[in-house]
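Encoded as structure tokens, the structure appears first; notes follow it.
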Amino acid sequence: LNILVDTGSSNFAVAGVPDPDVTSYFNTELSSTYKSQGIDVTVKYSQGSWTGVLGTDVITIPKGIDGSYTINIATILESENFFLPGVKWHGILGLAYDALAKPSSSVETFFDSLVRQAKIPNIFSLQMCGAGLPVSGSGTNGGSLVLGGIEPSLYKGEIWYTPVKEEWYYQVEILKLEVGGQNLELDCREYNADKAIVDSGTTLLRLPQKVFSAVVQAIARTSLQIDLFFVAFGAGALLVNMTVLAMSLCDLFTSFCNLVSLAFINIPSQLLEYNVPLLFFLSGFPSQYRLQNRLVSSEITNTVFYLRGWSEAKGRMNLLIIGATVMEGFYVIFDRAQRRVGFAVSPCAEVDGSPVSEIEGPFTTADVASNCVSSVSFHEPVLWIASYALMSLCGIILLVLIILLLIPPRCQHRYTDNDVVNDESSLVRHRWK
């Protein structure tokens, strides 16, 4: 079975019944090691959801880790907008923290099971070589998931680390966002509202509404000289309508090189001479975001570039997600033991021999606020506890009211002559109005 590697969820689940949009599924009746726990589980994502049954089974890993290990696995029995037409995967491997595991955090995650049973270091790393980014020298797409360590051949240069702010998603802190080398000049808390996460299961770079609008305006400002106009449409992709033929935005307009840069606090891997906090930038070139170029007319009077990798987060999902589009340019290290996420340039992130991403730094944080993450952080489990507490309180109040209504009349107080309310005494004595 092909499995989607998802750092934005924590359940390991595979198709357990036939589905029109999957080519294979896991038939538990044919497994001599599968054991059902009889626990129903439902997981909802930003797009799609599934419902299934929790069980355990035994796995082996062909390369690197010897032995057999028992892990939790959910078999998907029903789904909605999860398995889509044309997808080539049959399940999902959630690699986030146990706080996100369903139906509760007591369900040990796949990676936690490996760390505990195989005694491997609590770290994994991911190289994603996506569409348009073939593995160097192979001509094919691919990537690597390294469980328990870092593979030096999968990156170039130095690894730059930034802290994990909260251990549920891989929540990081964004300090700046630049477009064409120009700072958006937003309050840095806007980038982290309500959180900023590294999520391989999300295809796009998703931005909070206010940040997305500022990015669109910033790109438009840098492009006025060539009469470009940008329209946000649908899920928030950017449509660039041009009156000139351009094979690459960066080739024509230098303002589009390093199209978008994200800045993070840097944790030096060695003691450096700096005694102040540092930051570094991840930069994505236009080719990293370009999904397709197509000519609208044979006269080449109207060339449309659809830039993939952009999405506006709407509604309750008003968060910043560093998704697969950005991650494809880097080798990403999830160092859970030291509570940090690392980035290094990936050798497969090249198009026609030219890199599509880079890392710059270090820079001082003199012009950055001391804290860009809101001090109030609501996790999903906390919200559930609060909602259950409120429901319980409402239930108790309702029960008391019902009991009071059902008290027999003989138990109720009957007024005597001394209790008669009149204008001369009771209004004053009892303060009744």
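Chain identifiers are assigned as A, B, and so on, following the order in which chains appear in the structure tokens; residues are numbered from 1 within each chain, and ligands are numbered from 1 in order of appearance.
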When DSSP is applied to the backbone of this structure, which of range 13-238 of chain A are assigned strand (DSSP E or B)? Write them out as a count of residues only. 89
Please provide as number ranges by chain all residues within 10 Å of Val5 in chain A, with the sequence filter that same-chain residues fewer than 5 positions apart are discarded (counting only C-alpha atoms). A: 12, 89, 91-95, 126, 128, 145, 199-201
6 Å contact set for range 117-123 of chain A, only C-alpha atoms, chain neighbours under 5 positions out, as a PyMOL selection string: chain A and resi 148-149+334-337
Could you dump the residues just selected with C-alpha atoms as a PDB file, in the first residue's frame?
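Resulting contents of selection_4.pdb:
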ATOM      1  CA  GLY A 148      15.672   7.593  13.837  1.00  0.00           C
ATOM      2  CA  GLY A 149      18.250   9.903  12.327  1.00  0.00           C
ATOM      3  CA  PHE A 334      11.948  16.702  13.018  1.00  0.00           C
ATOM      4  CA  ASP A 335      14.172  16.497  16.092  1.00  0.00           C
ATOM      5  CA  ARG A 336      11.621  15.598  18.746  1.00  0.00           C
ATOM      6  CA  ALA A 337      14.272  14.783  21.342  1.00  0.00           C
TER       7      ALA A 337
END
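Residue neighbourhood of range 28-36 of chain A, excluding near-sequence residues (fewer than 5 positions): Leu54, Gly55, Thr56, Asp57 and Val58 of chain A, at 7 Å, using only C-alpha atoms.
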How would you write, as number ranges by chain, the set of residues in range 21-229 of chain A that DSSP gives as helix (DSSP H, G or I)? A: 28-30, 98-100, 110-118, 152-154, 188-190, 209-221, 224-226
Contacts of Thr23 in chain A within 12 Å, only C-alpha atoms, excl. fewer than 2 positions in-chain, as a compact mmCIF listing (two decimals) with N, CA, C and O atoms, in the first residue's frame:
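Output file part26.txt is given in full below:
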# COMPACT_ATOMS: atom_id res chain seq x y z
N LEU A 1 0.84 -1.19 0.00
CA LEU A 1 0.00 0.00 0.00
C LEU A 1 0.88 1.24 0.00
O LEU A 1 1.88 1.31 0.72
N ASN A 2 0.51 2.22 -0.79
CA ASN A 2 1.19 3.51 -0.77
C ASN A 2 0.59 4.36 0.35
O ASN A 2 -0.63 4.49 0.46
N ALA A 15 -6.87 2.04 4.06
CA ALA A 15 -8.17 1.59 3.57
C ALA A 15 -8.42 0.15 4.02
O ALA A 15 -7.57 -0.72 3.83
N GLY A 16 -9.59 -0.10 4.62
CA GLY A 16 -9.91 -1.42 5.13
C GLY A 16 -11.00 -2.12 4.35
O GLY A 16 -11.32 -3.29 4.61
N VAL A 17 -11.60 -1.40 3.40
CA VAL A 17 -12.64 -1.96 2.55
C VAL A 17 -12.44 -1.41 1.14
O VAL A 17 -11.76 -0.40 0.96
N PRO A 18 -13.02 -2.04 0.13
CA PRO A 18 -12.90 -1.50 -1.23
C PRO A 18 -13.46 -0.09 -1.33
O PRO A 18 -14.42 0.26 -0.64
N ASP A 19 -12.84 0.72 -2.16
CA ASP A 19 -13.27 2.09 -2.37
C ASP A 19 -13.06 2.42 -3.84
O ASP A 19 -12.04 2.02 -4.42
N PRO A 20 -13.97 3.16 -4.47
CA PRO A 20 -13.82 3.47 -5.90
C PRO A 20 -12.54 4.21 -6.23
O PRO A 20 -12.06 4.14 -7.37
N ASP A 21 -11.98 4.93 -5.25
CA ASP A 21 -10.82 5.76 -5.53
C ASP A 21 -9.50 5.17 -5.03
O ASP A 21 -8.48 5.87 -5.04
N TYR A 25 -6.48 -2.36 -0.80
CA TYR A 25 -6.89 -2.12 0.58
C TYR A 25 -6.39 -3.26 1.46
O TYR A 25 -6.00 -4.33 0.96
N PHE A 26 -6.42 -3.05 2.77
CA PHE A 26 -5.93 -4.02 3.74
C PHE A 26 -7.09 -4.88 4.20
O PHE A 26 -7.99 -4.40 4.90
N PHE A 83 -10.16 9.86 0.15
CA PHE A 83 -9.64 9.22 -1.06
C PHE A 83 -10.28 9.92 -2.26
O PHE A 83 -11.49 9.89 -2.43
N LEU A 84 -9.45 10.55 -3.05
CA LEU A 84 -9.94 11.35 -4.17
C LEU A 84 -9.58 10.68 -5.49
O LEU A 84 -8.62 9.90 -5.57
N PRO A 85 -10.32 10.97 -6.55
CA PRO A 85 -10.01 10.38 -7.87
C PRO A 85 -8.58 10.71 -8.29
O PRO A 85 -8.15 11.86 -8.20
N GLY A 86 -7.86 9.71 -8.71
CA GLY A 86 -6.51 9.93 -9.20
C GLY A 86 -5.41 9.83 -8.17
O GLY A 86 -4.22 9.83 -8.52
N VAL A 87 -5.77 9.77 -6.86
CA VAL A 87 -4.72 9.65 -5.85
C VAL A 87 -4.09 8.27 -5.93
O VAL A 87 -4.75 7.29 -6.28
N LYS A 88 -2.82 8.21 -5.58
CA LYS A 88 -2.10 6.94 -5.69
C LYS A 88 -1.72 6.39 -4.32
O LYS A 88 -0.83 5.56 -4.21
N TRP A 89 -2.39 6.89 -3.28
CA TRP A 89 -2.10 6.39 -1.95
C TRP A 89 -3.35 5.74 -1.36
O TRP A 89 -4.47 6.03 -1.75
N HIS A 90 -3.10 4.83 -0.41
CA HIS A 90 -4.18 4.01 0.15
C HIS A 90 -4.32 4.18 1.65
O HIS A 90 -5.10 3.47 2.29
N GLY A 91 -3.55 5.10 2.21
CA GLY A 91 -3.62 5.32 3.65
C GLY A 91 -2.75 6.50 4.04
O GLY A 91 -2.18 7.19 3.19
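Considering only C-alpha atoms, the residue among A:Ile3, A:Ile403, A:Val43, A:Leu186 positioned nearest to Ser104 in chain A is A:Val43.
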For range 156-172 of chain A, find every residue with an atom within 7 Å (counting only C-alpha atoms), except residues of its own chain fewer than 3 positions away, and show them as a PyMOL selection string. chain A and resi 8+96-100+195-198+264-267+339-347
Selected residues written out, N, CA and C atoms, as an mmCIF file, in the first residue's frame:
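Final file, selection34.cif:
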data_model
loop_
_atom_site.group_PDB
_atom_site.id
_atom_site.type_symbol
_atom_site.label_atom_id
_atom_site.label_comp_id
_atom_site.auth_asym_id
_atom_site.auth_seq_id
_atom_site.Cartn_x
_atom_site.Cartn_y
_atom_site.Cartn_z
ATOM 1 N N GLY A 8 1.153 16.444 9.953
ATOM 2 C CA GLY A 8 0.110 17.279 10.529
ATOM 3 C C GLY A 8 -0.990 16.488 11.211
ATOM 4 N N ALA A 96 2.824 13.342 13.718
ATOM 5 C CA ALA A 96 2.812 14.415 14.712
ATOM 6 C C ALA A 96 2.782 13.811 16.116
ATOM 7 N N TYR A 97 2.628 14.662 17.118
ATOM 8 C CA TYR A 97 2.681 14.213 18.511
ATOM 9 C C TYR A 97 1.387 13.515 18.921
ATOM 10 N N ASP A 98 1.454 12.765 20.042
ATOM 11 C CA ASP A 98 0.296 11.987 20.489
ATOM 12 C C ASP A 98 -0.877 12.853 20.938
ATOM 13 N N ALA A 99 -0.646 14.139 21.164
ATOM 14 C CA ALA A 99 -1.748 15.033 21.556
ATOM 15 C C ALA A 99 -2.829 15.088 20.487
ATOM 16 N N LEU A 100 -2.466 14.800 19.230
ATOM 17 C CA LEU A 100 -3.431 14.848 18.129
ATOM 18 C C LEU A 100 -4.027 13.483 17.803
ATOM 19 N N LYS A 195 -1.854 29.688 14.629
ATOM 20 C CA LYS A 195 -0.607 28.943 14.798
ATOM 21 C C LYS A 195 0.069 28.827 13.449
ATOM 22 N N ALA A 196 1.361 28.504 13.477
ATOM 23 C CA ALA A 196 2.129 28.226 12.264
ATOM 24 C C ALA A 196 2.715 26.827 12.410
ATOM 25 N N ILE A 197 2.479 25.959 11.430
ATOM 26 C CA ILE A 197 2.884 24.558 11.555
ATOM 27 C C ILE A 197 3.595 24.084 10.299
ATOM 28 N N VAL A 198 4.411 23.039 10.466
ATOM 29 C CA VAL A 198 5.075 22.372 9.338
ATOM 30 C C VAL A 198 4.300 21.081 9.078
ATOM 31 N N PHE A 264 12.795 32.518 10.607
ATOM 32 C CA PHE A 264 12.658 31.764 11.836
ATOM 33 C C PHE A 264 13.774 32.149 12.796
ATOM 34 N N ILE A 265 13.541 31.903 14.094
ATOM 35 C CA ILE A 265 14.621 31.976 15.076
ATOM 36 C C ILE A 265 15.583 30.833 14.804
ATOM 37 N N ASN A 266 16.868 31.103 14.899
ATOM 38 C CA ASN A 266 17.876 30.071 14.643
ATOM 39 C C ASN A 266 18.439 29.534 15.951
ATOM 40 N N ILE A 267 18.531 28.203 16.062
ATOM 41 C CA ILE A 267 19.241 27.564 17.167
ATOM 42 C C ILE A 267 20.572 27.089 16.604
ATOM 43 N N ARG A 339 13.311 18.998 20.643
ATOM 44 C CA ARG A 339 12.168 19.900 20.431
ATOM 45 C C ARG A 339 12.502 21.002 19.412
ATOM 46 N N ARG A 340 12.866 20.581 18.220
ATOM 47 C CA ARG A 340 13.229 21.550 17.188
ATOM 48 C C ARG A 340 12.985 20.949 15.803
ATOM 49 N N VAL A 341 12.822 21.829 14.813
ATOM 50 C CA VAL A 341 12.682 21.440 13.413
ATOM 51 C C VAL A 341 13.841 22.065 12.646
ATOM 52 N N GLY A 342 14.502 21.248 11.822
ATOM 53 C CA GLY A 342 15.646 21.738 11.062
ATOM 54 C C GLY A 342 15.380 21.761 9.569
ATOM 55 N N PHE A 343 16.025 22.678 8.879
ATOM 56 C CA PHE A 343 15.907 22.799 7.421
ATOM 57 C C PHE A 343 17.298 22.849 6.796
ATOM 58 N N ALA A 344 17.455 22.115 5.711
ATOM 59 C CA ALA A 344 18.672 22.188 4.914
ATOM 60 C C ALA A 344 18.269 22.107 3.441
ATOM 61 N N VAL A 345 19.090 22.641 2.568
ATOM 62 C CA VAL A 345 18.775 22.626 1.136
ATOM 63 C C VAL A 345 18.850 21.200 0.617
ATOM 64 N N SER A 346 17.846 20.809 -0.147
ATOM 65 C CA SER A 346 17.775 19.448 -0.681
ATOM 66 C C SER A 346 18.411 19.382 -2.065
ATOM 67 N N PRO A 347 19.240 18.373 -2.344
ATOM 68 C CA PRO A 347 19.843 18.251 -3.677
ATOM 69 C C PRO A 347 18.831 17.921 -4.769
#
Across A:Val115, A:Ala366, A:Val107, A:Leu177, the smallest distance to Tyr69 in chain A, with only C-alpha atoms counted, is shown by A:Val115
Point out the residue among A:Glu78, A:Asp6, A:Glu328, A:Asp187 with the least atom-to-atom distance to Leu175 in chain A, counting only C-alpha atoms.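 Smallest separation from Leu175 in chain A among the options: A:Asp187.
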Shortest contact to Glu358 in chain A, candidates A:Ile61, A:Leu77, A:Cys372, A:Val326, atoms counted only C-alpha atoms, goes to A:Val326
Interatomic distance between CA of Asp194 in chain A and CA of Pro208 in chain A? 8.5 Å
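Proximity of A:Ser370, A:Asp40, A:Lys210, A:Ile73 to Phe110 in chain A, computed with only C-alpha atoms, is greatest for A:Ile73.
Counting only C-alpha atoms and comparing A:Glu350, A:Glu178, A:Glu173, A:Glu80, the residue that lies closest to Ile322 in chain A is A:Glu173.
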